[in-house]
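Take a look at the structure below.
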Amino acid sequence: MYNYTDFDDAFVRARTAQFAAQVDRRISGALSEDEFKPFRLMNGVYLQLHAYMLRVAIPYGTINPHQMRVLANIADTYDKGYGHFTTRQNIQFNWPKLVDIPAILSDLADVGMHAIQTSGNTIRNVTADHFAGAAADEIADPRPVAELLRQWSTDHPEFQFLPRKFKIAITGSPNDRAVTKAHDIGLRMVRNDAGEAGFEMIVGGGLGRTPFVGAVVRDFLPAADLLPYVEAVLSVYNMLGRRDNKYKARIKITLHETGKEELSRLIEERFAQLRPLFGGNDQALLAQIEAAFSTPDLRDADTSAFDAFYGADPVFRSWADTNLAPHRDPQYRIVTISLKAHGATPGDATSAQMRLIAGLSERLGHSEIRISHEQNVILPHVHLSDLPALHAALRGSGLETANIGLISDIIACPGMDYCALATARSIPVAQNIATRFDALKLEHDIGPLKIKISGCINACGHHHVGHIGILGLDRAGVENYQITLGGDGTENAVIGERAGPGFAYDEIVPAIERIITAYLALRLDAAETFLQAYRRLGLAPFKAALYPDEAARDAA
Amino acid sequence: MSRAFTPKIVTANDLTSGDVIYLTATDTWSPHHAQAELIEDEAHAQLRLLDGKRAKAAVGAYLADARRGDHGPEPVHFREAFRTRGPSNYHHGKQEAENV
């Protein structure tokens, strides 16, 4: 992976020192909160319901074991022994004291990490396919481009005061695991007719209160044109984006109000100006970055140990069937370690779990670790013969749950348990759904199903693109949960359809159960997934199951 | 016609620890909701909010609905009730310190 140059290191340390002085001035009273707030947000410090929160970037979800151990140490030294991995490949510490944050940032700087631009109206952490560099279906590793974008966007003077926050996601595979169509800019690597790799440029996607699937403004952008093109998009947005209304300030609204044709024309016009100014330095830098992302030396070894365990141990078999994905080397697998033990908080890892993962990645995973936007941890390169030992080491740690892609593998934002913006809780809803379906022993029978929960309309939990989406709202001082169905966050992105009136906190799990019971009764066979059944049948039968009283009334 | 005024308290977060705090009638900040000053007059509420916003040790002061209880003011909205305890997924925050 990319290691900081002296320049990167000096920059991050200078910023840390600058922020430490700002914290001192805030505590002495020399800075008011109004003066201090922009500074803290630039450095990832939020004030939440019960405490401050520090959001640390894990650029494109890539982290090494040494960095993971530092996160564990921070959790133990300055927080409550755990961290929360988010839907944008960040980690959040929920209980730091303001006075300790400079020391935390200094510890992070020691291992090439930072919290810069994890908040504010700037270009945020660039997210990527969590299987990058290992996936069997990948055209090329998208992370060098993501790192180039990180360097370009960090402290970019033109883009520090955008109309609103700006999120970029990138995937090197045609199968989109990075939700690129729900980002301000989505970059999807494709090949043209000549077989050359380039990018499908998607602009103006986003969830939140006005969800939009992004529009493709270029079917094929040559790879070498990427940075000037992204800069052109940002430049046009910076000029046109609305600053009068924060709810209309994202580029998705700019796209909607300007029209795709006109916006594309402006982007192309700006691109034509910018392209000649990029004299090749970006490509030279990219080449250097690419060298840092070489695939580790994969082993060629006997794989019969895997087959033996697979045949003999049903617990291992279940985990292998659920948590492994194809690797481009047939002797290897991509392992997803679930942070969704039934009843646990989605995305939370204790310091002990972080250290276990760090050690296992060194011992069995070529020292590589990824964090997914689905709030799980990935070991991208594990040889088949090492999988039994890996699974054995995970057992008893709370990390061995065989549920990836199933009903209990729920994305949930922190919701009103932590977040100052939330209108309802998300975490206990996720915990209760997972616990309920584990008790029913149904989740493997139900099969692939993505439930995504947001505790407010800002949709950090991606509920719009959940097969089942749950949105927590405050209705007259009571938590109320709206259900959307049929959402899809892949390359065929679809915004889910609202099922009807919301449910009270204690009604939401039974409501989900009614949807699942209906699906199990209606599916053609076990091979028809929930999403496929929904697409075949539409909303009506699920709505009838959700609102039985209404259905009975209509029938009468 | 504007809505009738309902009783309020002034609440904020502590500058250094981030902990939830409440403005008392004696101009100190307490970590306990029940020790907050229950404000039943709208003009007084606006004055106390200004006091809260001016306080050096507090961040983000605002008025929250409250009602009179047996042991002092009690929260009305569930958000404020959560703030008196801490998160529901772990025994952290005030509930950890106070064993509630």
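Identifiers in this document derive from the order of the structure tokens: chains are assigned A, B, ..., residues are numbered from 1 separately in each chain, and ligands are numbered from 1 in order of occurrence.
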For this session: Show me which bits of chain B are within 7 Å of chain A, counting only C-alpha atoms, as a list in words.
Result: Thr16, Ser17, Gly18, Asp19, Val20, Lys56, Val59, His77, Phe78, Arg83, Gly86, Pro87, Ser88, Asn89 and Gly93 of chain B
For this session: Find the residues around His44 of chain B up to 12 Å (only C-alpha atoms counted), leave out those fewer than 2 positions away in its own chain, and share them as a ChimeraX atom specification.
Result: /B:5,7-10,25,37-42,46-51,63
For this session: Find the residues around Gly72 of chain B up to 7 Å (only C-alpha atoms counted), leave out those fewer than 4 positions away in its own chain, and share them as a list in words.
Result: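 Counting only the stated atoms, we get Ala34, Gln35 and Arg68 of chain B.
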Kindly export the residues of the current selection with N, CA and C atoms, as a PDB file, in the first residue's frame.
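And here's result-v3.pdb as it stands now:
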```pdb
ATOM      1  N   ALA B  34     -32.121  16.719  36.548  1.00  0.00           N
ATOM      2  CA  ALA B  34     -33.009  17.084  37.657  1.00  0.00           C
ATOM      3  C   ALA B  34     -32.543  18.341  38.391  1.00  0.00           C
ATOM      4  N   GLN B  35     -31.272  18.706  38.192  1.00  0.00           N
ATOM      5  CA  GLN B  35     -30.758  19.901  38.865  1.00  0.00           C
ATOM      6  C   GLN B  35     -30.863  21.158  37.999  1.00  0.00           C
ATOM      7  N   ARG B  68     -42.041  19.457  35.199  1.00  0.00           N
ATOM      8  CA  ARG B  68     -41.758  19.317  36.622  1.00  0.00           C
ATOM      9  C   ARG B  68     -41.925  17.852  37.027  1.00  0.00           C
TER      10      ARG B  68
END
```
For this session: Could you give me, as a list in words, the residues within 10 Å of His33 of chain B, counting only C-alpha atoms and dropping anything in the same chain fewer than 6 positions from it?
Result: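 My reading of the contact set: Ile9, Val10, Thr11, Val20, Ile21, Tyr22, Leu23, Thr24, Ala66, His71, Gly72, Pro73, Glu74, Pro75, Glu80, Ala81, Arg83, Thr84 and Arg85 of chain B.
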Problem set entry | Who sits within 8 Å of Tyr229 of chain A, only C-alpha atoms, same chain under 5 positions skipped, as a list in words |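 That gives Ile267, Phe271 and Arg275 of chain A.
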Selection from above, N, CA and C atoms, as a short mmCIF file (atom, residue, chain, number, x, y, z; two decimals), in the first residue's frame, can you write it?
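result38.cif was written with the following content:
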```cif
data_model
loop_
_atom_site.label_atom_id
_atom_site.label_comp_id
_atom_site.auth_asym_id
_atom_site.auth_seq_id
_atom_site.Cartn_x
_atom_site.Cartn_y
_atom_site.Cartn_z
N ILE A 267 -19.17 21.04 -18.17
CA ILE A 267 -18.05 20.21 -17.71
C ILE A 267 -17.05 20.01 -18.86
N PHE A 271 -13.31 21.18 -18.98
CA PHE A 271 -12.30 20.13 -19.19
C PHE A 271 -11.36 20.52 -20.33
N ARG A 275 -7.53 20.46 -19.40
CA ARG A 275 -6.74 19.30 -19.86
C ARG A 275 -5.32 19.68 -20.27
#
```
Seminar exercise, completed: Taken to one decimal, the atom CA of Arg177 of chain A-atom CA of Thr490 of chain A distance is 6.2 Å
For this session: Fewer than 5 positions away in the same chain doesn't count, so skip those; otherwise give me all residues within 12 Å of Ile104 of chain A, counting only C-alpha atoms, as a ChimeraX atom specification.
Result: /A:13,16-17,19-20,43-45,53-56,70-79,93,96-99,109-111,113-115
Exercise. Residues of segment 262-498 of chain A in strand (DSSP E or B) according to DSSP, as an MDAnalysis selection string?
Worked result: chainID A and resid 324:327 332:337 348:350 369:371 377:383 411:412 451:454 468:475 478:485 488 494 497:498
For this session: List every residue of segment 67-282 of chain A that DSSP, applied to the backbone of this structure, assigns to helix (DSSP H, G or I), and report them as a PyMOL selection string.
Result: chain A and resi 67-78+98-110+143-153+157-159+180-182+223-240+246-248+251-258+260-277+281-282
Exercise. Which neighbours of segment 363-379 of chain A fall inside 9 Å, counting only C-alpha atoms, when residues of the same chain fewer than 3 positions from it are skipped, and could you give them as number ranges by chain?
Worked result: A: 1, 58, 60-65, 68, 84-90, 127-132, 177-179, 296-298, 333-340, 346-348, 357-360, 382-383, 386-387, 389-390, 404, 409-412
Atoms to include: C-alpha atoms. Write the selected residues as a PDB file, in the first residue's frame.
```pdb
ATOM      1  CA  MET A   1       0.000   0.000   0.000  1.00  0.00           C
ATOM      2  CA  ILE A  58      -9.368   5.061   6.074  1.00  0.00           C
ATOM      3  CA  TYR A  60     -10.327   3.819  -0.015  1.00  0.00           C
ATOM      4  CA  GLY A  61     -10.798   1.382   2.886  1.00  0.00           C
ATOM      5  CA  THR A  62      -7.164   0.279   2.920  1.00  0.00           C
ATOM      6  CA  ILE A  63      -5.335  -0.088   6.212  1.00  0.00           C
ATOM      7  CA  ASN A  64      -2.279  -2.057   7.313  1.00  0.00           C
ATOM      8  CA  PRO A  65      -1.883  -4.111  10.506  1.00  0.00           C
ATOM      9  CA  MET A  68      -4.979  -1.139  12.902  1.00  0.00           C
ATOM     10  CA  HIS A  84     -17.067   2.286  14.870  1.00  0.00           C
ATOM     11  CA  PHE A  85     -16.439   1.636  11.172  1.00  0.00           C
ATOM     12  CA  THR A  86     -18.756   3.748   9.052  1.00  0.00           C
ATOM     13  CA  THR A  87     -20.519   3.485   5.711  1.00  0.00           C
ATOM     14  CA  ARG A  88     -17.861   5.700   4.138  1.00  0.00           C
ATOM     15  CA  GLN A  89     -14.806   3.722   5.143  1.00  0.00           C
ATOM     16  CA  ASN A  90     -13.992   5.888   8.121  1.00  0.00           C
ATOM     17  CA  THR A 127     -14.132   5.389  -1.084  1.00  0.00           C
ATOM     18  CA  ALA A 128     -13.426   2.305  -3.177  1.00  0.00           C
ATOM     19  CA  ASP A 129     -14.463  -1.263  -3.802  1.00  0.00           C
ATOM     20  CA  HIS A 130     -13.412  -3.150  -0.673  1.00  0.00           C
ATOM     21  CA  PHE A 131     -12.311  -6.101  -2.835  1.00  0.00           C
ATOM     22  CA  ALA A 132      -9.956  -3.827  -4.805  1.00  0.00           C
ATOM     23  CA  ARG A 177     -19.537  -2.888  -4.758  1.00  0.00           C
ATOM     24  CA  ALA A 178     -18.807   0.783  -3.982  1.00  0.00           C
ATOM     25  CA  VAL A 179     -22.283   2.291  -4.583  1.00  0.00           C
ATOM     26  CA  PRO A 296       1.785  -9.397  -2.715  1.00  0.00           C
ATOM     27  CA  ASP A 297       3.733 -12.520  -3.652  1.00  0.00           C
ATOM     28  CA  LEU A 298       0.956 -15.057  -3.667  1.00  0.00           C
ATOM     29  CA  ARG A 333     -10.120 -16.270  -1.428  1.00  0.00           C
ATOM     30  CA  ILE A 334     -11.210 -12.825  -0.257  1.00  0.00           C
ATOM     31  CA  VAL A 335     -12.375 -13.168   3.345  1.00  0.00           C
ATOM     32  CA  THR A 336     -15.006 -10.896   4.821  1.00  0.00           C
ATOM     33  CA  ILE A 337     -14.821 -10.825   8.614  1.00  0.00           C
ATOM     34  CA  SER A 338     -18.252  -9.958   9.922  1.00  0.00           C
ATOM     35  CA  LEU A 339     -18.618  -7.068  12.366  1.00  0.00           C
ATOM     36  CA  LYS A 340     -22.282  -8.057  12.635  1.00  0.00           C
ATOM     37  CA  PRO A 346     -23.007  -3.030  13.217  1.00  0.00           C
ATOM     38  CA  GLY A 347     -19.508  -1.811  12.404  1.00  0.00           C
ATOM     39  CA  ASP A 348     -18.135  -1.777  15.941  1.00  0.00           C
ATOM     40  CA  ILE A 357      -7.418  -8.898  12.862  1.00  0.00           C
ATOM     41  CA  ALA A 358      -4.021  -7.172  12.618  1.00  0.00           C
ATOM     42  CA  GLY A 359      -2.228 -10.315  13.734  1.00  0.00           C
ATOM     43  CA  LEU A 360      -4.198 -12.614  11.448  1.00  0.00           C
ATOM     44  CA  VAL A 382      -5.935 -15.574   2.050  1.00  0.00           C
ATOM     45  CA  HIS A 383      -4.688 -18.864   0.634  1.00  0.00           C
ATOM     46  CA  ASP A 386      -4.913 -21.039   5.529  1.00  0.00           C
ATOM     47  CA  LEU A 387      -8.671 -20.608   5.806  1.00  0.00           C
ATOM     48  CA  ALA A 389      -6.604 -21.737  10.704  1.00  0.00           C
ATOM     49  CA  LEU A 390      -8.089 -18.297  10.111  1.00  0.00           C
ATOM     50  CA  ILE A 404     -22.176 -11.821   4.998  1.00  0.00           C
ATOM     51  CA  ASP A 409     -25.478  -8.225   7.838  1.00  0.00           C
ATOM     52  CA  ILE A 410     -27.196  -4.885   8.338  1.00  0.00           C
ATOM     53  CA  ILE A 411     -25.793  -1.447   7.585  1.00  0.00           C
ATOM     54  CA  ALA A 412     -26.837   0.969  10.294  1.00  0.00           C
TER      55      ALA A 412
END
```
Exercise. Any idea what the distance is between atom CA of Gly198 of chain A and atom CA of Thr154 of chain A?
Worked result: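 Atom-to-atom, atom CA of Gly198 of chain A to atom CA of Thr154 of chain A, that is 23.8 Å.
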Problem set entry | Computed interatomic separation between atom CA of Pro276 of chain A and atom CA of Leu148 of chain A (Å) |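 Spanning atom CA of Pro276 of chain A to atom CA of Leu148 of chain A is a straight-line distance of 18.5 Å.
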Seminar exercise, completed: Judged by only C-alpha atoms, the minimum distance to Arg79 of chain B among A:His444, A:Tyr82, A:Ser454, A:Leu473 is found for A:Leu473
